[in-house]
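upload-v5.txt (compact mmCIF, C-alpha atoms and all ligand atoms)
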```txt
# COMPACT_ATOMS: atom_id res chain seq x y z
CA MET A 1 6.56 25.80 29.41
CA VAL A 2 4.75 28.64 31.08
CA VAL A 3 1.09 28.76 32.04
CA VAL A 4 -0.19 32.31 31.79
CA MET A 5 -3.08 32.85 34.20
CA ASN A 6 -5.79 35.34 33.25
CA LEU A 7 -6.55 38.51 35.16
CA SER A 8 -9.50 37.02 37.00
CA ALA A 9 -7.70 33.86 38.14
CA GLY A 10 -8.17 33.34 41.89
CA PRO A 11 -5.91 31.56 44.37
CA GLU A 12 -7.96 28.35 44.01
CA HIS A 13 -7.41 28.31 40.23
CA ILE A 14 -3.71 28.86 40.69
CA ALA A 15 -3.50 26.11 43.30
CA ALA A 16 -5.34 23.66 41.01
CA VAL A 17 -2.96 24.27 38.11
CA LYS A 18 0.02 23.99 40.41
CA GLU A 19 -1.23 20.72 41.82
CA ARG A 20 -1.87 19.18 38.41
CA LEU A 21 1.62 20.14 37.23
CA GLU A 22 3.30 18.84 40.36
CA GLN A 23 1.42 15.58 40.21
CA ASN A 24 2.82 15.10 36.74
CA GLY A 25 6.39 15.65 37.85
CA PHE A 26 6.85 19.31 36.89
CA GLU A 27 8.95 21.72 38.91
CA ILE A 28 7.02 24.91 39.53
CA HIS A 29 8.18 28.53 39.67
CA MET A 30 5.79 31.39 40.25
CA ILE A 31 6.62 34.43 38.15
CA ARG A 32 4.71 37.45 39.37
CA GLY A 33 4.33 40.33 36.91
CA VAL A 34 2.66 43.61 37.74
CA LYS A 35 -0.67 42.49 36.29
CA ARG A 36 -0.73 38.74 36.03
CA LEU A 37 0.77 35.57 37.36
CA VAL A 38 2.69 33.19 35.17
CA ILE A 39 3.46 29.67 36.33
CA GLY A 40 6.78 28.41 35.00
CA ALA A 41 6.84 24.63 34.77
CA VAL A 42 9.95 22.64 33.99
CA GLY A 43 9.43 19.00 33.08
CA ASP A 44 8.63 16.55 30.30
CA ARG A 45 7.42 18.39 27.20
CA GLN A 46 5.76 15.27 25.79
CA VAL A 47 3.07 15.16 28.44
CA ILE A 48 1.97 18.82 28.28
CA ASP A 49 -0.83 18.22 25.78
CA SER A 50 -2.34 15.42 27.85
CA LEU A 51 -2.71 17.61 30.95
CA GLY A 52 -5.64 19.65 29.66
CA LEU A 53 -4.25 22.79 31.26
CA GLU A 54 -5.75 25.12 28.68
CA ALA A 55 -9.24 24.02 29.72
CA MET A 56 -8.70 24.71 33.42
CA PRO A 57 -10.42 27.74 34.95
CA GLY A 58 -8.20 30.79 35.25
CA VAL A 59 -5.78 29.67 32.52
CA GLU A 60 -5.32 32.08 29.63
CA ARG A 61 -2.77 30.16 27.60
CA VAL A 62 0.01 27.62 27.73
CA VAL A 63 3.26 28.59 26.04
CA PRO A 64 6.00 26.04 25.38
CA ILE A 65 9.50 27.53 25.65
CA MET A 66 12.02 26.10 23.24
CA LYS A 67 15.03 27.96 24.58
CA PRO A 68 17.25 26.18 27.14
CA TYR A 69 16.70 29.03 29.60
CA LYS A 70 13.07 29.29 30.62
CA LEU A 71 12.43 31.44 33.68
CA VAL A 72 14.64 34.31 32.52
CA SER A 73 13.25 34.27 28.97
CA ARG A 74 10.97 36.89 27.48
CA GLU A 75 8.46 34.16 26.73
CA ALA A 76 8.09 33.55 30.46
CA LYS A 77 7.49 37.22 31.18
CA GLY A 78 6.77 39.95 28.67
CA GLU A 79 7.27 42.89 30.99
CA ASN A 80 10.69 44.04 32.20
CA THR A 81 11.77 42.87 35.63
CA LEU A 82 12.47 45.74 38.00
CA VAL A 83 15.19 44.90 40.49
CA LYS A 84 14.96 46.85 43.70
CA VAL A 85 18.17 47.42 45.64
CA LYS A 86 17.31 49.35 48.78
CA ASP A 87 15.55 52.43 47.33
CA VAL A 88 17.09 52.07 43.85
CA VAL A 89 15.16 50.47 40.99
CA ILE A 90 17.18 48.92 38.16
CA GLY A 91 15.37 48.22 34.88
CA GLY A 92 12.89 51.08 34.95
CA ARG A 93 13.01 54.44 33.16
CA GLU A 94 15.83 55.75 35.28
CA LEU A 95 19.41 55.00 34.27
CA VAL A 96 21.20 53.75 37.39
CA VAL A 97 24.87 54.56 37.84
CA ILE A 98 26.96 52.45 40.21
CA ALA A 99 30.44 53.74 40.99
CA GLY A 100 33.32 53.18 43.36
CA PRO A 101 36.75 51.64 43.62
CA CYS A 102 37.70 48.25 42.25
CA ALA A 103 38.72 47.27 45.78
CA VAL A 104 38.01 48.77 49.16
CA GLU A 105 41.47 49.81 50.37
CA SER A 106 40.96 52.07 53.36
CA ARG A 107 38.33 54.04 55.22
CA GLU A 108 39.53 57.33 53.77
CA GLN A 109 39.69 55.98 50.20
CA LEU A 110 36.19 54.51 50.33
CA LEU A 111 34.43 57.35 52.13
CA ASN A 112 35.98 60.04 49.93
CA THR A 113 35.02 58.11 46.81
CA ALA A 114 31.49 57.49 48.09
CA ARG A 115 30.92 61.18 48.82
CA SER A 116 32.20 62.32 45.46
CA VAL A 117 30.35 59.76 43.34
CA ARG A 118 27.17 60.54 45.19
CA ARG A 119 27.55 64.25 44.44
CA ALA A 120 28.00 63.32 40.78
CA GLY A 121 24.73 61.37 40.65
CA ALA A 122 25.70 57.75 41.40
CA ARG A 123 22.90 55.87 43.16
CA MET A 124 24.99 52.90 44.26
CA LEU A 125 28.50 52.31 45.59
CA ARG A 126 30.69 49.44 44.42
CA GLY A 127 33.80 48.12 46.14
CA GLY A 128 35.46 44.71 46.22
CA ALA A 129 36.28 43.18 49.60
CA PHE A 130 37.04 39.70 48.26
CA LYS A 131 39.06 40.09 45.09
CA PRO A 132 39.44 37.11 42.76
CA ARG A 133 42.83 38.16 41.36
CA THR A 134 44.64 36.46 38.51
CA SER A 135 47.76 36.26 40.66
CA PRO A 136 47.76 34.83 44.19
CA TYR A 137 50.40 37.46 45.04
CA SER A 138 48.15 40.44 44.18
CA PHE A 139 46.07 42.29 46.79
CA GLN A 140 43.18 40.00 47.75
CA GLY A 141 40.92 42.56 49.43
CA LEU A 142 40.24 43.70 53.00
CA GLN A 143 37.58 40.98 53.46
CA VAL A 144 35.20 41.62 56.36
CA GLU A 145 36.93 44.94 57.16
CA GLY A 146 36.08 46.06 53.64
CA LEU A 147 32.43 45.06 54.08
CA LYS A 148 32.20 47.08 57.27
CA LEU A 149 33.57 50.12 55.47
CA LEU A 150 30.97 49.67 52.72
CA ALA A 151 28.24 49.61 55.36
CA GLU A 152 29.66 52.74 56.95
CA ALA A 153 29.87 54.56 53.62
CA SER A 154 26.29 53.56 52.86
CA ALA A 155 25.05 54.78 56.23
CA GLU A 156 26.71 58.15 55.69
CA THR A 157 25.81 58.74 52.03
CA GLY A 158 22.60 56.75 51.64
CA LEU A 159 24.08 54.94 48.63
CA ALA A 160 23.06 51.30 48.18
CA THR A 161 26.06 48.98 47.98
CA VAL A 162 27.27 46.06 45.87
CA THR A 163 30.23 43.78 46.45
CA GLU A 164 31.56 40.61 44.88
CA VAL A 165 31.18 37.27 46.62
CA VAL A 166 33.35 34.29 45.75
CA ASP A 167 32.19 31.46 48.00
CA GLU A 168 29.84 30.50 50.81
CA ALA A 169 31.82 32.28 53.54
CA SER A 170 32.04 35.58 51.68
CA LEU A 171 28.35 35.38 50.76
CA GLU A 172 27.37 34.83 54.38
CA LEU A 173 29.39 37.85 55.46
CA ALA A 174 28.16 40.03 52.59
CA MET A 175 24.54 39.24 53.53
CA GLU A 176 25.09 41.21 56.72
CA TYR A 177 26.72 44.31 55.27
CA VAL A 178 25.71 45.07 51.67
CA ASP A 179 22.54 45.51 49.60
CA MET A 180 23.48 43.53 46.48
CA VAL A 181 25.96 40.75 45.75
CA GLN A 182 28.04 40.42 42.60
CA VAL A 183 29.05 37.21 40.89
CA GLY A 184 32.19 38.06 38.94
CA ALA A 185 33.16 37.07 35.42
CA ARG A 186 35.51 34.37 36.72
CA ASN A 187 32.70 32.76 38.68
CA MET A 188 29.91 33.02 36.12
CA GLN A 189 29.88 29.25 35.71
CA ASN A 190 30.54 28.43 39.35
CA PHE A 191 27.25 26.59 39.57
CA SER A 192 27.32 25.99 43.30
CA LEU A 193 27.89 29.72 43.91
CA LEU A 194 25.04 30.53 41.50
CA ARG A 195 22.73 28.21 43.43
CA MET A 196 23.83 29.76 46.72
CA VAL A 197 23.10 33.33 45.65
CA GLY A 198 19.86 32.02 44.15
CA ARG A 199 18.79 30.85 47.60
CA SER A 200 19.79 34.13 49.23
CA ALA A 201 17.50 37.10 49.66
CA LYS A 202 19.87 39.66 48.08
CA PRO A 203 19.62 41.00 44.55
CA VAL A 204 22.44 39.66 42.35
CA LEU A 205 24.65 41.40 39.81
CA LEU A 206 25.73 38.67 37.39
CA LYS A 207 28.71 39.54 35.23
CA ARG A 208 29.19 37.89 31.86
CA GLY A 209 31.99 35.30 31.91
CA LEU A 210 35.33 35.97 30.23
CA SER A 211 34.47 33.83 27.23
CA ALA A 212 30.79 33.17 27.80
CA THR A 213 28.25 33.15 25.01
CA VAL A 214 24.99 35.01 25.55
CA GLU A 215 23.27 31.65 26.00
CA GLU A 216 25.74 30.48 28.67
CA TRP A 217 25.30 33.81 30.47
CA LEU A 218 21.52 33.48 30.46
CA MET A 219 21.82 29.87 31.64
CA ALA A 220 23.88 31.15 34.57
CA ALA A 221 21.06 33.59 35.37
CA GLU A 222 18.61 30.68 35.05
CA TYR A 223 20.51 28.84 37.82
CA ILE A 224 19.94 31.79 40.16
CA VAL A 225 16.28 32.34 39.27
CA SER A 226 15.51 28.61 39.42
CA GLU A 227 16.52 28.68 43.10
CA GLY A 228 13.86 31.31 43.74
CA ASN A 229 15.75 34.60 43.44
CA GLU A 230 14.36 36.60 40.55
CA ASN A 231 16.29 39.76 41.37
CA VAL A 232 19.09 39.34 38.88
CA VAL A 233 20.79 42.15 36.96
CA LEU A 234 23.03 41.12 34.07
CA CYS A 235 26.30 42.97 33.46
CA GLU A 236 28.11 43.02 30.12
CA ARG A 237 31.79 43.64 30.90
CA GLY A 238 33.53 42.67 27.70
CA ILE A 239 34.65 39.27 26.44
CA ARG A 240 37.96 37.79 25.30
CA THR A 241 38.74 38.06 21.64
CA PHE A 242 41.93 38.17 19.52
CA GLU A 243 41.98 41.94 20.07
CA ASN A 244 44.39 43.00 22.76
CA ALA A 245 44.44 46.75 22.27
CA THR A 246 41.73 46.92 24.91
CA ARG A 247 41.54 44.74 28.04
CA ASN A 248 38.40 43.01 26.74
CA THR A 249 36.12 43.52 23.76
CA LEU A 250 32.85 45.11 24.78
CA ASP A 251 29.97 43.27 23.15
CA LEU A 252 27.60 46.22 22.93
CA SER A 253 25.17 44.37 20.69
CA ALA A 254 24.61 41.92 23.55
CA VAL A 255 22.73 44.65 25.42
CA PRO A 256 19.75 45.07 23.07
CA LEU A 257 19.94 41.37 22.20
CA VAL A 258 19.70 40.19 25.81
CA LYS A 259 16.92 42.66 26.48
CA GLU A 260 15.04 41.01 23.63
CA LEU A 261 15.74 37.48 24.88
CA SER A 262 15.20 38.12 28.58
CA HIS A 263 13.12 40.27 30.92
CA LEU A 264 16.09 40.89 33.24
CA PRO A 265 17.80 44.31 33.38
CA VAL A 266 21.20 44.68 31.68
CA ILE A 267 23.94 47.08 32.71
CA VAL A 268 27.39 47.75 31.25
CA ASP A 269 30.82 47.89 32.90
CA PRO A 270 32.94 50.15 30.68
CA SER A 271 35.90 49.94 33.09
CA HIS A 272 36.66 46.21 32.80
CA ALA A 273 35.48 46.21 29.18
CA THR A 274 38.18 48.65 28.09
CA GLY A 275 40.83 48.63 30.81
CA ASN A 276 41.59 52.21 29.82
CA ARG A 277 40.27 55.29 31.60
CA ARG A 278 40.26 57.41 28.42
CA LEU A 279 37.73 55.04 26.86
CA VAL A 280 35.36 54.88 29.81
CA ALA A 281 33.37 58.04 29.03
CA PRO A 282 32.76 57.42 25.30
CA VAL A 283 31.92 53.76 25.92
CA SER A 284 29.53 54.74 28.72
CA ARG A 285 27.68 57.07 26.36
CA ALA A 286 27.45 54.29 23.79
CA ALA A 287 26.13 51.84 26.38
CA VAL A 288 23.36 54.22 27.38
CA ALA A 289 22.54 54.80 23.71
CA VAL A 290 22.03 51.06 23.05
CA GLY A 291 19.62 50.79 25.96
CA ALA A 292 21.64 49.69 28.98
CA ASP A 293 19.69 50.03 32.23
CA GLY A 294 22.74 51.25 34.07
CA LEU A 295 26.51 51.53 34.28
CA ILE A 296 29.06 50.27 36.80
CA ILE A 297 32.19 52.39 36.77
CA GLU A 298 35.45 52.21 38.72
CA VAL A 299 36.45 55.45 40.46
CA HIS A 300 39.50 55.98 42.68
CA PRO A 301 40.67 59.16 44.39
CA ASP A 302 44.25 58.45 43.30
CA PRO A 303 44.27 55.91 40.45
CA ALA A 304 48.06 55.91 40.22
CA ARG A 305 48.19 54.43 43.72
CA ALA A 306 45.22 52.05 43.37
CA LEU A 307 45.90 48.51 44.58
CA SER A 308 43.92 47.12 41.66
CA ASP A 309 42.71 48.33 38.27
CA GLY A 310 44.24 51.83 38.52
CA PRO A 311 44.66 52.26 34.74
CA GLN A 312 40.92 51.91 34.15
CA SER A 313 39.76 53.90 37.20
CA LEU A 314 38.41 57.41 36.76
CA THR A 315 39.33 60.18 39.14
CA PRO A 316 36.35 61.72 40.94
CA GLU A 317 36.69 64.76 38.62
CA GLU A 318 36.62 62.59 35.50
CA PHE A 319 33.58 60.76 36.83
CA ASP A 320 31.89 64.06 37.55
CA SER A 321 32.35 65.28 33.99
CA LEU A 322 31.13 61.94 32.63
CA THR A 323 27.85 62.00 34.54
CA LYS A 324 27.21 65.54 33.29
CA GLN A 325 26.91 64.05 29.79
CA LEU A 326 24.64 61.16 30.63
CA GLY A 327 21.33 63.03 30.98
CA THR A 328 21.35 64.10 27.34
CA VAL A 329 22.16 60.65 25.98
CA ALA A 330 19.60 59.03 28.27
CA ALA A 331 16.90 61.49 27.15
CA ALA A 332 17.69 60.76 23.49
CA VAL A 333 16.70 57.11 24.02
CA GLY A 334 13.69 57.73 26.24
CA ARG A 335 15.44 57.24 29.58
CA GLU A 336 16.17 59.55 32.47
CA PHE A 337 19.29 60.38 34.36
CA SER A 338 19.47 63.11 36.91
CA ARG A 339 22.47 64.00 39.06
CA GLY A 340 20.01 65.05 41.73
CA GLU A 341 21.09 68.70 41.69
C1 LIG A 401 35.28 43.80 39.40
O1 LIG A 401 34.12 44.21 39.26
O2 LIG A 401 36.15 44.40 40.07
C2 LIG A 401 35.68 42.57 38.67
C3 LIG A 401 36.65 41.78 39.12
O3 LIG A 401 34.99 42.40 37.54
P1 LIG A 401 34.93 41.15 36.52
O4 LIG A 401 34.44 40.01 37.33
O5 LIG A 401 33.96 41.64 35.48
O6 LIG A 401 36.31 40.97 35.98
MN MN A 402 38.22 45.86 39.00
```
Give the structure from this file in structure tokens form.
Ligand code: PEP
Ligand code: MN
Amino acid sequence: MVVVMNLSAGPEHIAAVKERLEQNGFEIHMIRGVKRLVIGAVGDRQVIDSLGLEAMPGVERVVPIMKPYKLVSREAKGENTLVKVKDVVIGGRELVVIAGPCAVESREQLLNTARSVRRAGARMLRGGAFKPRTSPYSFQGLQVEGLKLLAEASAETGLATVTEVVDEASLELAMEYVDMVQVGARNMQNFSLLRMVGRSAKPVLLKRGLSATVEEWLMAAEYIVSEGNENVVLCERGIRTFENATRNTLDLSAVPLVKELSHLPVIVDPSHATGNRRLVAPVSRAAVAVGADGLIIEVHPDPARALSDGPQSLTPEEFDSLTKQLGTVAAAVGREFSRGE
């Protein structure tokens, strides 16, 4: 359930409600909106009515939440959550474009990519340093060397950075060097990793699992938020279906659906969704049209030589022509995208 406090509720009213809930065995989560405070309380539904919460000073209403995910649900918070990554806000009016290579491969590769995606209007740089590859024989990433290069590219270009973490050690290292951490599709139900990033102070990009339902995906987000980290951005990156003409099947309808079910921002990854660079631009336009808050796109200066995901990586020139189209589509759905020219 959530207890919505009214606009005039003071700290003493909030403390009294909190105390009554805790005394009755509820776990409390404060959800701060722009205007009002909502107290999320997880516990025994049967006893809610006997607590007399609605009569307490400062309480506007008590709303039971039937869905299995509570804190990330729209019922818990009507307004959209804005996730701040350095100076970038995800979930507001501005469409945020994140771009960069699948994996950080070298200083030259990363810095060249960072400079070109920045010129084309990207606000954030992506790059994997710890790659969870299907084969143990594939390139596994430059690890801490890769993180250092991300920090260097960020210092030079001003782009905020995001990288995938796969365990406690990589999370600890990433905390030092990047602005946002990614939980990849393969780890979406790695509950100990979810709890770890939930206890960290970095915003989290949570990819949808390979075969995860929308509910399972939101439950994964609930793990993170329930540990105290509300800065979660969801990323639809395609799911497994019988169709194998594309790498995955992009579930575009999940974008408006999840925005209805949850207050968290949702972005789309057209690169992993399609696995095919020719499809990245049209699918990006479609994602913006259905209301995605951003895009995460793989870009490589020489895709034919990329150590991972070359076939789905755009060249800097292709990325540049894609971002030129985004302003118009964004404007058509009431959003903004500017290349900063
Ligand atoms: C990636 O972003 O490079 C990646 C591995 O993505 P996903 O977890 O969506 O497959
Ligand atoms: Mn990739």
- [ ] Produce as a ChimeraX atom specification the set of residues near ligand MN 402 (chain A), where near means within 12 Å with all atoms listed in the file considered.
- [x] /A:99-104,126-134,139-141,163-164,184-185,237,247,269-276,296-300,303,306-314
Size and centre in Å, one decimal, axis-aligned box, all listed region 98-101 of chain A atoms plus 8 Å per side, as AutoDock Vina command-line options:
```
--center_x 31.9 --center_y 52.7 --center_z 41.9 --size_x 25.8 --size_y 18.1 --size_z 19.4
```
Task: Point-to-point distance in Å for CA of Asn187 (chain A) and CA of Val166 (chain A) - done: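 Distance between the two atoms: 7.3 Å.
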- [ ] Please identify all polymer residues within 8 Å of Leu7 (chain A), counting all atoms listed in the file, omitting same-chain residues fewer than 2 positions from it, and present them as a count of residues only.
- [x] 5
Open item on the list: So the first atom is CA of Arg240 (chain A) and the second is CA of Met188 (chain A); what is the distance between them in Å, to one decimal place?
Closed with: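 Result for CA of Arg240 (chain A) versus CA of Met188 (chain A): 14.3 Å, one decimal.
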- [ ] Provide the CA of Val165 (chain A) to CA of Thr315 (chain A) distance in Å, to one decimal place.
- [x]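 Straight-line distance from CA of Val165 (chain A) to CA of Thr315 (chain A) works out to 25.4 Å.
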Task: Among the residues A:Glu215, A:Glu22, A:Glu54, A:Asp302, the one that comes closest to Ala41 (chain A) [using all atoms listed in the file] - done: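 The closest residue to Ala41 (chain A) is A:Glu22.
Taking all atoms listed in the file into account, Val178 (chain A) lies nearest to A:Lys86 out of the set A:Lys86, A:Val97, A:Cys235, A:Ala331.
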TODO: Can you work out which one of A:Gly198, A:Gly121, A:Pro64, A:Pro265 has the shortest atom-to-atom distance to Gly228 (chain A), counting all atoms listed in the file?
DONE: A:Gly198
Open item on the list: Give me, as an MDAnalysis selection string, all polymer residues having an atom no more than 12 Å from Ser211 (chain A), counting only C-alpha atoms and skipping those fewer than 3 positions away in the same chain.
Closed with: chainID A and resid 185:189 207:208 214:217 236:242 248:251
Task: Close residues, Ser338 (chain A) itself excluded, 9 Å, only C-alpha atoms, min 6 positions apart in chain, as a ChimeraX atom specification - done: /A:94-95,121,323-324,326-327
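Closest to ligand LIG 401 (chain A) among A:Ile48, A:Leu264, A:Ile224, A:Leu210 is A:Leu210, based on only C-alpha atoms and all ligand atoms.
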